[in-house]
Amino acid sequence: MSDERDIVLDNVSKFYGDVLGINRVTLSIPPGITSLVGPNGSGKTTLMNLLTGLLQPTHGSLRVLGISPDRPERLFRKVGYCTQYDAFPAGLNGYQFIYSFLRIHALDHATARQKTLDALERVGMLDAADRRVAAYSKGMRQRVKLAQAIAHEPQVLVLDEPLNGLDPMARAEVIELFERLAESGLHVIISSHILHEVDLISDRVILLNEGYVVAEGDIRQVRSEIQSHPLQILIRCDKPAALAARIISQDHVVEVRMHEDRQGLLVSSRDAERFYRAMNEVVLDEDIRVEAVTPADEDVYAVYQYLIGTPRREAS
Amino acid sequence: MAVYERRYRGYDGPLTPERTRFLVLTRYAMPRVFASKMFIVFLVLCAVYPAVCAFGLYLPHNLNFLKVIQIDPADWIRAVEEFLFPARFMSIQGNLAFLLVLFVGPSLVAPDLRNNGLPLYLARPFGRTDYVLGKLSVLAILLSAITWIPGLLLWAFQAYLMGWQWLTDNLRMAFGIFVASWVWILVLSILALALSALARWKWLAGLGLLAVYLFGGVFGGLINLLFDTEWGRLLNMGDMIHVVRAGLFGEELFFDFPLWAAWMSLLAVGGASVALLARKIRAYEVVR
């Protein structure tokens, strides 16, 4: 049953001649927002092309909601794809762009017309529908690409760098749209370099590097499994010295650093659960007033840094 | 982790027939072709020669005209058949067909490839064959309008004027017009699409098409001259379709060339073009 609801990759590899695209990827992707994260050439786009049926795996098997990619007629009805690159047939306006592809999707004129208008409205492009796509700004082109991906009401949405070029307002609107779609049960698969936004919107993350899946799942769960880098916890309180003195004696605590303003400390611990338990005891014993406790490296950026290396400048 | 209510339902409404879906591309390409005034003028010019032929076919059946020129109608009809229709008609309209392909063909695939448009088409229930068929149909429809459609109309007009006997005696002519036109349409169209896919720039694809057509002929002529042979004609597409046409119409050729070789030559051009299209029309180009 779950096979028909999820996207399942079983030991999938894709080689371009001798060049590795992805290798031995086994995943099960449930509905919700799943982000693909990794440096350039890590295999994100290859994975997306496999999910959309544009590429066939060299080895292994792949099923999207129970449909094999060798049944494109059924698969492509379920999948909406928004490419990373600007891809527009020449000379069309926004309305024609969406409408023509809906006709290719085999929708009749009246249905295609209605769905075109719906899709343009959802991405806030109705006013610009009769302008040529070539005259659109980068952000408008991103939104109209998104509109063509959602117009035929797919159940799986694969979006390659969909936030690129969007201004903050448009970005917030698009993220809200993704969240709405995901909440209603759609699979939204996003590749992005904007890690803090990935962190904000994703239900789960798939980290890729050099064609291999380095980690996958809920980001907190992934972080807790990285034993080589102790979890960093930021604590703001009124008696940081007292807290530090008691905490440092714990065997799982590897480092304690005081803040310069002496109103907080940064603790590195190999066992978050034991640390939180110990901290509660100390706080009660010493009557410490705690303002905030925040994991300092329990996000995509940190996980990326620990597992892959320092992200590029835009990956901030 | 979010809670998913599964309220979302994908589209499961009625669909248009799968077999005719490729015509969506044709429908969208046509307005762009007809947006050019130069093209419309060209298309009108393509109708001039068929109109002259129709006039020539009609004249021997006009008594007033016969009284004026004092020529035996049978001689006139023979002259028309020899100099106007069908042989010269096929040759002239065939050359115009090449010019039309030169005008329209290069812009059919190249812009999609240059603008990364193929993933958009192919990430839908729409295969590579549908894509090529959609683009091919643009050329096939336009070329039909200037080759076999006016050809068969002229043939039907002549049959109407001459009577049942002429019609039954000249069925081969109708068959020849239809088949020779389609052979030329398919070879030119597939070649133009392949070059458009290969070049990615329409002006370059146009140059390529011109080079294949003209330089093939020149190079073939050079081979004939140097080696005192006729096999150089294999590189001349114009000569090859001429041989095929002559075979279909049962006409004599002014040079000696085997019919099978002409068919093979055109088949080879078509086959190579299809192979090129199969390689280039992909959602993603594999860079090695």
# chains A, B, ... in the order shown; residues from 1 in each chain; ligands from 1
>>> closest_atom_pairs(of="chain A", to="chain B", cutoff="9 Å", atoms="only C-alpha atoms", output="Markdown table")
| residue | atom | partner | partner_atom | distance |
| --- | --- | --- | --- | --- |
| A:Tyr16 | CA | B:Val286 | CA | 6.8 |
| A:Gly17 | CA | B:Arg288 | CA | 7.1 |
| A:Asp18 | CA | B:Arg288 | CA | 8.2 |
| A:Val19 | CA | B:Arg288 | CA | 7.5 |
| A:Pro31 | CA | B:Tyr4 | CA | 7.4 |
| A:Gly32 | CA | B:Ala2 | CA | 7.4 |
| A:Asn49 | CA | B:Tyr284 | CA | 8.9 |
| A:Thr52 | CA | B:Ala123 | CA | 6.4 |
| A:Gly53 | CA | B:Ala123 | CA | 7.1 |
| A:Leu54 | CA | B:Ala283 | CA | 6.1 |
| A:Leu55 | CA | B:Ala283 | CA | 8.0 |
| A:Pro72 | CA | B:Pro125 | CA | 6.1 |
| A:Glu73 | CA | B:Pro125 | CA | 4.7 |
| A:Arg74 | CA | B:Pro125 | CA | 7.4 |
| A:Leu75 | CA | B:Pro125 | CA | 7.8 |
| A:Phe76 | CA | B:Arg124 | CA | 4.8 |
| A:Arg77 | CA | B:Pro125 | CA | 6.7 |
| A:Lys78 | CA | B:Gly10 | CA | 7.1 |
| A:Val79 | CA | B:Ala123 | CA | 8.0 |
| A:Gly80 | CA | B:Ala123 | CA | 7.7 |
| A:Tyr81 | CA | B:Ala123 | CA | 6.8 |
| A:Cys82 | CA | B:Leu120 | CA | 8.0 |
| A:Thr83 | CA | B:Pro119 | CA | 7.6 |
| A:Tyr85 | CA | B:Asn116 | CA | 7.1 |
| A:Asp86 | CA | B:Asn115 | CA | 7.0 |
| A:Ala87 | CA | B:Gly117 | CA | 4.7 |
| A:Phe88 | CA | B:Gly117 | CA | 5.6 |
| A:Pro89 | CA | B:Asp112 | CA | 5.7 |
| A:Ala90 | CA | B:Pro111 | CA | 6.7 |
| A:Gly91 | CA | B:Arg32 | CA | 8.0 |
| A:Ser100 | CA | B:Val24 | CA | 7.2 |
| A:Phe101 | CA | B:Tyr121 | CA | 7.5 |
| A:Arg103 | CA | B:Val24 | CA | 6.7 |
| A:Ile104 | CA | B:Arg21 | CA | 6.1 |
| A:His105 | CA | B:Pro125 | CA | 6.1 |
| A:Ala106 | CA | B:Thr16 | CA | 4.7 |
| A:Leu107 | CA | B:Leu15 | CA | 5.2 |
| A:Asp108 | CA | B:Thr16 | CA | 6.0 |
| A:Thr111 | CA | B:Gly13 | CA | 8.8 |
| A:His152 | CA | B:Tyr11 | CA | 6.5 |
| A:Glu153 | CA | B:Gly10 | CA | 4.9 |
| A:Pro154 | CA | B:Gly10 | CA | 5.3 |
| A:Gln155 | CA | B:Gly10 | CA | 5.7 |
| A:Leu181 | CA | B:Tyr8 | CA | 7.7 |
| A:Ala182 | CA | B:Tyr4 | CA | 7.4 |
| A:Glu183 | CA | B:Tyr4 | CA | 5.2 |
| A:Ser184 | CA | B:Arg7 | CA | 5.0 |
| A:Gly185 | CA | B:Arg6 | CA | 4.2 |
| A:Leu186 | CA | B:Tyr8 | CA | 6.6 |
| A:Asp203 | CA | B:Met1 | CA | 6.0 |
| A:Arg204 | CA | B:Met1 | CA | 8.4 |
| A:Asp218 | CA | B:Met1 | CA | 7.9 |
>>> residues_around(residues="stretch 83-88 of chain B", least_positions_apart="5", cutoff="10 Å", atoms="only C-alpha atoms", output="count of residues only")
25
>>> residues_around(residues="B:Leu96", least_positions_apart="6", cutoff="10 Å", atoms="only C-alpha atoms", output="ChimeraX atom specification")
/B:42-43,45-46,90,102,143,146-147
>>> write_last_selection(atoms="C-alpha atoms", output="PDB file, in the first residue's frame")
ATOM      1  CA  PHE B  42       6.075  33.063 -51.299  1.00  0.00           C
ATOM      2  CA  LEU B  43       3.075  30.774 -50.816  1.00  0.00           C
ATOM      3  CA  LEU B  45       3.905  32.601 -55.806  1.00  0.00           C
ATOM      4  CA  CYS B  46       3.847  28.832 -55.352  1.00  0.00           C
ATOM      5  CA  MET B  90       6.644  18.219 -60.449  1.00  0.00           C
ATOM      6  CA  LEU B 102      14.578  26.235 -46.286  1.00  0.00           C
ATOM      7  CA  LEU B 143       4.474  21.102 -48.679  1.00  0.00           C
ATOM      8  CA  ILE B 146       2.138  23.214 -53.010  1.00  0.00           C
ATOM      9  CA  THR B 147       2.898  19.736 -54.382  1.00  0.00           C
TER      10      THR B 147
END
>>> closest_atom_pairs(of="stretch 183-246 of chain A", to="stretch 252-259 of chain A", cutoff="12 Å", atoms="only C-alpha atoms", output="JSON lines")
{"residue": "A:Gln227", "atom": "CA", "partner": "A:His252", "partner_atom": "CA", "distance": 11.3}
{"residue": "A:Ser228", "atom": "CA", "partner": "A:Val254", "partner_atom": "CA", "distance": 11.8}
{"residue": "A:His229", "atom": "CA", "partner": "A:Val254", "partner_atom": "CA", "distance": 10.3}
{"residue": "A:Pro230", "atom": "CA", "partner": "A:Val254", "partner_atom": "CA", "distance": 7.6}
{"residue": "A:Leu231", "atom": "CA", "partner": "A:Val253", "partner_atom": "CA", "distance": 9.5}
{"residue": "A:Gln232", "atom": "CA", "partner": "A:Glu255", "partner_atom": "CA", "distance": 9.1}
{"residue": "A:Ile233", "atom": "CA", "partner": "A:Val256", "partner_atom": "CA", "distance": 9.6}
{"residue": "A:Leu234", "atom": "CA", "partner": "A:Arg257", "partner_atom": "CA", "distance": 9.6}
{"residue": "A:Ile235", "atom": "CA", "partner": "A:His259", "partner_atom": "CA", "distance": 9.6}
{"residue": "A:Arg236", "atom": "CA", "partner": "A:His259", "partner_atom": "CA", "distance": 9.0}
{"residue": "A:Cys237", "atom": "CA", "partner": "A:His259", "partner_atom": "CA", "distance": 10.7}
{"residue": "A:Asp238", "atom": "CA", "partner": "A:His259", "partner_atom": "CA", "distance": 11.8}
{"residue": "A:Lys239", "atom": "CA", "partner": "A:Met258", "partner_atom": "CA", "distance": 10.8}
{"residue": "A:Pro240", "atom": "CA", "partner": "A:Met258", "partner_atom": "CA", "distance": 7.3}
{"residue": "A:Ala241", "atom": "CA", "partner": "A:Met258", "partner_atom": "CA", "distance": 7.7}
{"residue": "A:Ala242", "atom": "CA", "partner": "A:Met258", "partner_atom": "CA", "distance": 11.1}
{"residue": "A:Leu243", "atom": "CA", "partner": "A:Val256", "partner_atom": "CA", "distance": 9.8}
{"residue": "A:Ala244", "atom": "CA", "partner": "A:Val256", "partner_atom": "CA", "distance": 6.6}
{"residue": "A:Ala245", "atom": "CA", "partner": "A:Val256", "partner_atom": "CA", "distance": 9.2}
{"residue": "A:Arg246", "atom": "CA", "partner": "A:Val253", "partner_atom": "CA", "distance": 10.6}
>>> write_last_selection(atoms="N, CA and C atoms", output="mmCIF file, in the first residue's frame")
data_model
loop_
_atom_site.group_PDB
_atom_site.id
_atom_site.type_symbol
_atom_site.label_atom_id
_atom_site.label_comp_id
_atom_site.auth_asym_id
_atom_site.auth_seq_id
_atom_site.Cartn_x
_atom_site.Cartn_y
_atom_site.Cartn_z
ATOM 1 N N GLN A 227 27.693 11.319 14.900
ATOM 2 C CA GLN A 227 28.422 11.183 16.163
ATOM 3 C C GLN A 227 29.773 11.904 16.132
ATOM 4 N N SER A 228 30.318 12.081 14.948
ATOM 5 C CA SER A 228 31.661 12.650 14.869
ATOM 6 C C SER A 228 31.679 14.133 15.261
ATOM 7 N N HIS A 229 30.540 14.786 15.175
ATOM 8 C CA HIS A 229 30.482 16.195 15.573
ATOM 9 C C HIS A 229 29.495 16.348 16.721
ATOM 10 N N PRO A 230 29.994 16.647 17.950
ATOM 11 C CA PRO A 230 29.074 16.813 19.084
ATOM 12 C C PRO A 230 28.043 17.906 18.791
ATOM 13 N N LEU A 231 26.838 17.702 19.325
ATOM 14 C CA LEU A 231 25.770 18.682 19.125
ATOM 15 C C LEU A 231 26.097 19.948 19.913
ATOM 16 N N GLN A 232 25.897 21.084 19.272
ATOM 17 C CA GLN A 232 26.180 22.353 19.961
ATOM 18 C C GLN A 232 24.870 22.960 20.433
ATOM 19 N N ILE A 233 24.865 23.334 21.730
ATOM 20 C CA ILE A 233 23.634 23.889 22.302
ATOM 21 C C ILE A 233 23.939 25.247 22.927
ATOM 22 N N LEU A 234 23.110 26.192 22.541
ATOM 23 C CA LEU A 234 23.305 27.557 23.009
ATOM 24 C C LEU A 234 22.340 27.807 24.178
ATOM 25 N N ILE A 235 22.894 28.262 25.300
ATOM 26 C CA ILE A 235 22.024 28.506 26.464
ATOM 27 C C ILE A 235 22.225 29.953 26.937
ATOM 28 N N ARG A 236 21.121 30.688 27.045
ATOM 29 C CA ARG A 236 21.183 32.042 27.600
ATOM 30 C C ARG A 236 20.561 31.972 29.001
ATOM 31 N N CYS A 237 21.345 32.377 30.016
ATOM 32 C CA CYS A 237 20.836 32.285 31.389
ATOM 33 C C CYS A 237 21.543 33.321 32.290
ATOM 34 N N ASP A 238 21.097 33.433 33.538
ATOM 35 C CA ASP A 238 21.688 34.458 34.409
ATOM 36 C C ASP A 238 22.933 33.967 35.152
ATOM 37 N N LYS A 239 23.135 32.638 35.276
ATOM 38 C CA LYS A 239 24.336 32.134 35.967
ATOM 39 C C LYS A 239 25.092 31.135 35.077
ATOM 40 N N PRO A 240 25.631 31.622 33.993
ATOM 41 C CA PRO A 240 26.298 30.686 33.071
ATOM 42 C C PRO A 240 27.514 29.994 33.695
ATOM 43 N N ALA A 241 28.237 30.688 34.603
ATOM 44 C CA ALA A 241 29.444 30.100 35.202
ATOM 45 C C ALA A 241 29.080 28.897 36.063
ATOM 46 N N ALA A 242 28.007 29.034 36.837
ATOM 47 C CA ALA A 242 27.567 27.931 37.692
ATOM 48 C C ALA A 242 27.131 26.739 36.849
ATOM 49 N N LEU A 243 26.408 27.046 35.792
ATOM 50 C CA LEU A 243 25.936 25.979 34.895
ATOM 51 C C LEU A 243 27.135 25.278 34.247
ATOM 52 N N ALA A 244 28.098 26.086 33.793
ATOM 53 C CA ALA A 244 29.277 25.531 33.123
ATOM 54 C C ALA A 244 30.067 24.625 34.063
ATOM 55 N N ALA A 245 30.253 25.078 35.306
ATOM 56 C CA ALA A 245 31.044 24.313 36.271
ATOM 57 C C ALA A 245 30.441 22.933 36.515
ATOM 58 N N ARG A 246 29.111 22.845 36.591
ATOM 59 C CA ARG A 246 28.467 21.567 36.853
ATOM 60 C C ARG A 246 28.406 20.684 35.593
#
>>> atom_distance(atom1="atom CA of A:Lys138", atom2="atom CA of A:Pro168")
13.2 Å
>>> residues_around(residues="B:Trp76", least_positions_apart="2", cutoff="10 Å", atoms="only C-alpha atoms", output="PDB file with C-alpha atoms, in the first residue's frame")
ATOM      1  CA  GLY B  56      -2.934  25.615 -70.293  1.00  0.00           C
ATOM      2  CA  LEU B  57      -5.061  22.513 -69.718  1.00  0.00           C
ATOM      3  CA  LEU B  59      -7.348  26.329 -73.428  1.00  0.00           C
ATOM      4  CA  PRO B  60      -7.639  23.429 -75.943  1.00  0.00           C
ATOM      5  CA  LEU B  66      -8.904  27.131 -80.981  1.00  0.00           C
ATOM      6  CA  ILE B  71      -3.722  24.486 -83.871  1.00  0.00           C
ATOM      7  CA  ASP B  72      -4.859  20.919 -83.594  1.00  0.00           C
ATOM      8  CA  PRO B  73      -6.152  20.491 -79.985  1.00  0.00           C
ATOM      9  CA  ALA B  74      -4.374  17.117 -79.727  1.00  0.00           C
ATOM     10  CA  ARG B  78       0.589  16.890 -76.091  1.00  0.00           C
ATOM     11  CA  ALA B  79       2.588  20.108 -75.756  1.00  0.00           C
ATOM     12  CA  VAL B  80       0.956  20.897 -72.435  1.00  0.00           C
ATOM     13  CA  GLU B  81       1.699  17.412 -71.114  1.00  0.00           C
ATOM     14  CA  GLU B  82       5.289  17.655 -72.258  1.00  0.00           C
TER      15      GLU B  82
END
>>> residues_around(residues="stretch 226-240 of chain B", least_positions_apart="4", cutoff="12 Å", atoms="only C-alpha atoms", output="ChimeraX atom specification")
/B:90-92,94-98,180,183-184,187-188,191,209-222,244-247,253-270
>>> select_by_dssp(residues="stretch 38-212 of chain A", states="strand (DSSP E)", output="list in words")
His59, Gly60, Ser61, Leu62, Arg63, Val64, Val79, Gly80, Tyr81, Cys82, Val156, Leu157, Val158, Leu159, Asp160, His187, Val188, Ile189, Ile190, Ser191, Arg204, Val205, Ile206, Leu207, Leu208, Asn209 and Tyr212 of chain A
>>> atom_distance(atom1="atom CA of B:Ile281", atom2="atom CA of A:Gln148")
21.3 Å
>>> residues_around(residues="A:Leu62", least_positions_apart="3", cutoff="9 Å", atoms="only C-alpha atoms", output="PyMOL selection string")
chain A and resi 7-12+50-51+57+66-69
>>> select_by_dssp(residues="stretch 44-174 of chain B", states="helix (DSSP H, G or I)", output="number ranges by chain")
B: 44-46, 48-61, 63-69, 73-83, 87-104, 106-114, 118-122, 128-146, 148-162, 164-169, 171-174
>>> write_last_selection(atoms="C-alpha atoms", output="tab-separated table (two decimals), in the first residue's frame")
chain	number	residue	atom	x	y	z
B	44	VAL	CA	1.05	32.84	-53.30
B	45	LEU	CA	3.90	32.60	-55.81
B	46	CYS	CA	3.85	28.83	-55.35
B	48	VAL	CA	1.24	30.71	-59.90
B	49	TYR	CA	2.62	27.76	-61.82
B	50	PRO	CA	-0.33	25.44	-61.01
B	51	ALA	CA	-2.63	28.27	-62.15
B	52	VAL	CA	-0.68	28.53	-65.44
B	53	CYS	CA	-0.98	24.76	-65.84
B	54	ALA	CA	-4.72	24.88	-65.23
B	55	PHE	CA	-5.04	27.59	-67.83
B	56	GLY	CA	-2.93	25.61	-70.29
B	57	LEU	CA	-5.06	22.51	-69.72
B	58	TYR	CA	-8.24	24.45	-70.25
B	59	LEU	CA	-7.35	26.33	-73.43
B	60	PRO	CA	-7.64	23.43	-75.94
B	61	HIS	CA	-11.18	22.97	-74.73
B	63	LEU	CA	-13.54	26.79	-79.07
B	64	ASN	CA	-12.90	30.52	-79.46
B	65	PHE	CA	-9.27	30.06	-78.55
B	66	LEU	CA	-8.90	27.13	-80.98
B	67	LYS	CA	-10.36	29.23	-83.81
B	68	VAL	CA	-7.84	31.99	-83.10
B	69	ILE	CA	-4.67	29.90	-82.90
B	73	PRO	CA	-6.15	20.49	-79.98
B	74	ALA	CA	-4.37	17.12	-79.73
B	75	ASP	CA	-1.03	18.82	-80.49
B	76	TRP	CA	-1.74	21.45	-77.88
B	77	ILE	CA	-2.59	18.81	-75.26
B	78	ARG	CA	0.59	16.89	-76.09
B	79	ALA	CA	2.59	20.11	-75.76
B	80	VAL	CA	0.96	20.90	-72.44
B	81	GLU	CA	1.70	17.41	-71.11
B	82	GLU	CA	5.29	17.66	-72.26
B	83	PHE	CA	6.11	21.19	-71.14
B	87	ALA	CA	6.62	16.50	-65.55
B	88	ARG	CA	7.65	20.14	-65.40
B	89	PHE	CA	5.04	20.77	-62.75
B	90	MET	CA	6.64	18.22	-60.45
B	91	SER	CA	10.10	19.63	-61.05
B	92	ILE	CA	9.13	23.28	-60.48
B	93	GLN	CA	6.93	22.59	-57.45
B	94	GLY	CA	9.64	20.26	-56.10
B	95	ASN	CA	12.18	23.11	-56.22
B	96	LEU	CA	9.68	25.45	-54.58
B	97	ALA	CA	9.16	22.79	-51.92
B	98	PHE	CA	12.87	22.92	-51.16
B	99	LEU	CA	12.72	26.72	-50.81
B	100	LEU	CA	9.73	26.38	-48.49
B	101	VAL	CA	11.59	23.89	-46.32
B	102	LEU	CA	14.58	26.23	-46.29
B	103	PHE	CA	12.26	28.99	-45.07
B	104	VAL	CA	10.32	27.08	-42.41
B	106	PRO	CA	15.31	25.38	-39.60
B	107	SER	CA	13.12	27.24	-37.10
B	108	LEU	CA	11.11	24.22	-36.03
B	109	VAL	CA	13.43	22.33	-33.68
B	110	ALA	CA	16.49	24.56	-33.15
B	111	PRO	CA	14.77	27.13	-30.87
B	112	ASP	CA	13.39	24.39	-28.61
B	113	LEU	CA	16.83	22.87	-28.21
B	114	ARG	CA	18.52	26.20	-27.69
B	118	LEU	CA	12.63	19.57	-24.74
B	119	PRO	CA	12.36	18.58	-21.06
B	120	LEU	CA	9.13	20.58	-20.95
B	121	TYR	CA	7.63	18.61	-23.82
B	122	LEU	CA	9.00	15.24	-22.83
B	128	ARG	CA	9.89	11.88	-28.81
B	129	THR	CA	8.02	10.42	-31.78
B	130	ASP	CA	5.04	12.68	-31.03
B	131	TYR	CA	7.38	15.66	-30.90
B	132	VAL	CA	8.97	14.85	-34.26
B	133	LEU	CA	5.59	14.05	-35.81
B	134	GLY	CA	4.19	17.37	-34.57
B	135	LYS	CA	7.04	19.32	-36.13
B	136	LEU	CA	7.09	17.17	-39.27
B	137	SER	CA	3.39	17.80	-39.78
B	138	VAL	CA	4.02	21.54	-40.13
B	139	LEU	CA	6.24	20.92	-43.15
B	140	ALA	CA	4.12	18.07	-44.48
B	141	ILE	CA	0.96	20.20	-44.50
B	142	LEU	CA	2.64	23.21	-46.11
B	143	LEU	CA	4.47	21.10	-48.68
B	144	SER	CA	1.35	19.15	-49.52
B	145	ALA	CA	-0.38	22.44	-50.27
B	146	ILE	CA	2.14	23.21	-53.01
B	148	TRP	CA	0.53	16.80	-54.53
B	149	ILE	CA	-2.70	18.68	-53.69
B	150	PRO	CA	-2.48	21.10	-56.66
B	151	GLY	CA	-1.01	18.23	-58.69
B	152	LEU	CA	-3.97	15.97	-58.09
B	153	LEU	CA	-6.39	18.87	-58.56
B	154	LEU	CA	-4.83	19.54	-61.97
B	155	TRP	CA	-4.99	15.86	-62.79
B	156	ALA	CA	-8.68	15.77	-61.78
B	157	PHE	CA	-9.31	18.91	-63.85
B	158	GLN	CA	-7.69	17.35	-66.88
B	159	ALA	CA	-9.73	14.16	-66.32
B	160	TYR	CA	-12.88	16.26	-66.13
B	161	LEU	CA	-12.04	17.98	-69.42
B	162	MET	CA	-10.82	14.86	-71.26
B	164	TRP	CA	-13.40	8.87	-68.47
B	165	GLN	CA	-11.02	7.26	-70.96
B	166	TRP	CA	-8.25	9.73	-70.17
B	167	LEU	CA	-8.79	9.16	-66.47
B	168	THR	CA	-8.44	5.39	-66.71
B	169	ASP	CA	-5.44	5.70	-69.04
B	171	LEU	CA	-4.19	6.57	-63.24
B	172	ARG	CA	-0.45	6.01	-63.05
B	173	MET	CA	0.06	9.75	-63.40
B	174	ALA	CA	-2.08	10.41	-60.30
>>> atom_distance(atom1="atom CA of A:Glu210", atom2="atom CA of A:Thr26")
15.4 Å
>>> decode(residues="stretch 101-154 of chain B", atoms="C-alpha atoms", output="compact mmCIF listing (two decimals), in the first residue's frame")
# COMPACT_ATOMS: atom_id res chain seq x y z
CA VAL B 101 11.59 23.89 -46.32
CA LEU B 102 14.58 26.23 -46.29
CA PHE B 103 12.26 28.99 -45.07
CA VAL B 104 10.32 27.08 -42.41
CA GLY B 105 12.29 23.94 -41.46
CA PRO B 106 15.31 25.38 -39.60
CA SER B 107 13.12 27.24 -37.10
CA LEU B 108 11.11 24.22 -36.03
CA VAL B 109 13.43 22.33 -33.68
CA ALA B 110 16.49 24.56 -33.15
CA PRO B 111 14.77 27.13 -30.87
CA ASP B 112 13.39 24.39 -28.61
CA LEU B 113 16.83 22.87 -28.21
CA ARG B 114 18.52 26.20 -27.69
CA ASN B 115 15.95 27.22 -25.07
CA ASN B 116 16.09 23.86 -23.23
CA GLY B 117 12.48 23.32 -24.23
CA LEU B 118 12.63 19.57 -24.74
CA PRO B 119 12.36 18.58 -21.06
CA LEU B 120 9.13 20.58 -20.95
CA TYR B 121 7.63 18.61 -23.82
CA LEU B 122 9.00 15.24 -22.83
CA ALA B 123 8.08 15.41 -19.13
CA ARG B 124 4.49 14.95 -20.27
CA PRO B 125 2.50 12.13 -21.83
CA PHE B 126 4.17 13.06 -25.08
CA GLY B 127 6.97 11.01 -26.58
CA ARG B 128 9.89 11.88 -28.81
CA THR B 129 8.02 10.42 -31.78
CA ASP B 130 5.04 12.68 -31.03
CA TYR B 131 7.38 15.66 -30.90
CA VAL B 132 8.97 14.85 -34.26
CA LEU B 133 5.59 14.05 -35.81
CA GLY B 134 4.19 17.37 -34.57
CA LYS B 135 7.04 19.32 -36.13
CA LEU B 136 7.09 17.17 -39.27
CA SER B 137 3.39 17.80 -39.78
CA VAL B 138 4.02 21.54 -40.13
CA LEU B 139 6.24 20.92 -43.15
CA ALA B 140 4.12 18.07 -44.48
CA ILE B 141 0.96 20.20 -44.50
CA LEU B 142 2.64 23.21 -46.11
CA LEU B 143 4.47 21.10 -48.68
CA SER B 144 1.35 19.15 -49.52
CA ALA B 145 -0.38 22.44 -50.27
CA ILE B 146 2.14 23.21 -53.01
CA THR B 147 2.90 19.74 -54.38
CA TRP B 148 0.53 16.80 -54.53
CA ILE B 149 -2.70 18.68 -53.69
CA PRO B 150 -2.48 21.10 -56.66
CA GLY B 151 -1.01 18.23 -58.69
CA LEU B 152 -3.97 15.97 -58.09
CA LEU B 153 -6.39 18.87 -58.56
CA LEU B 154 -4.83 19.54 -61.97
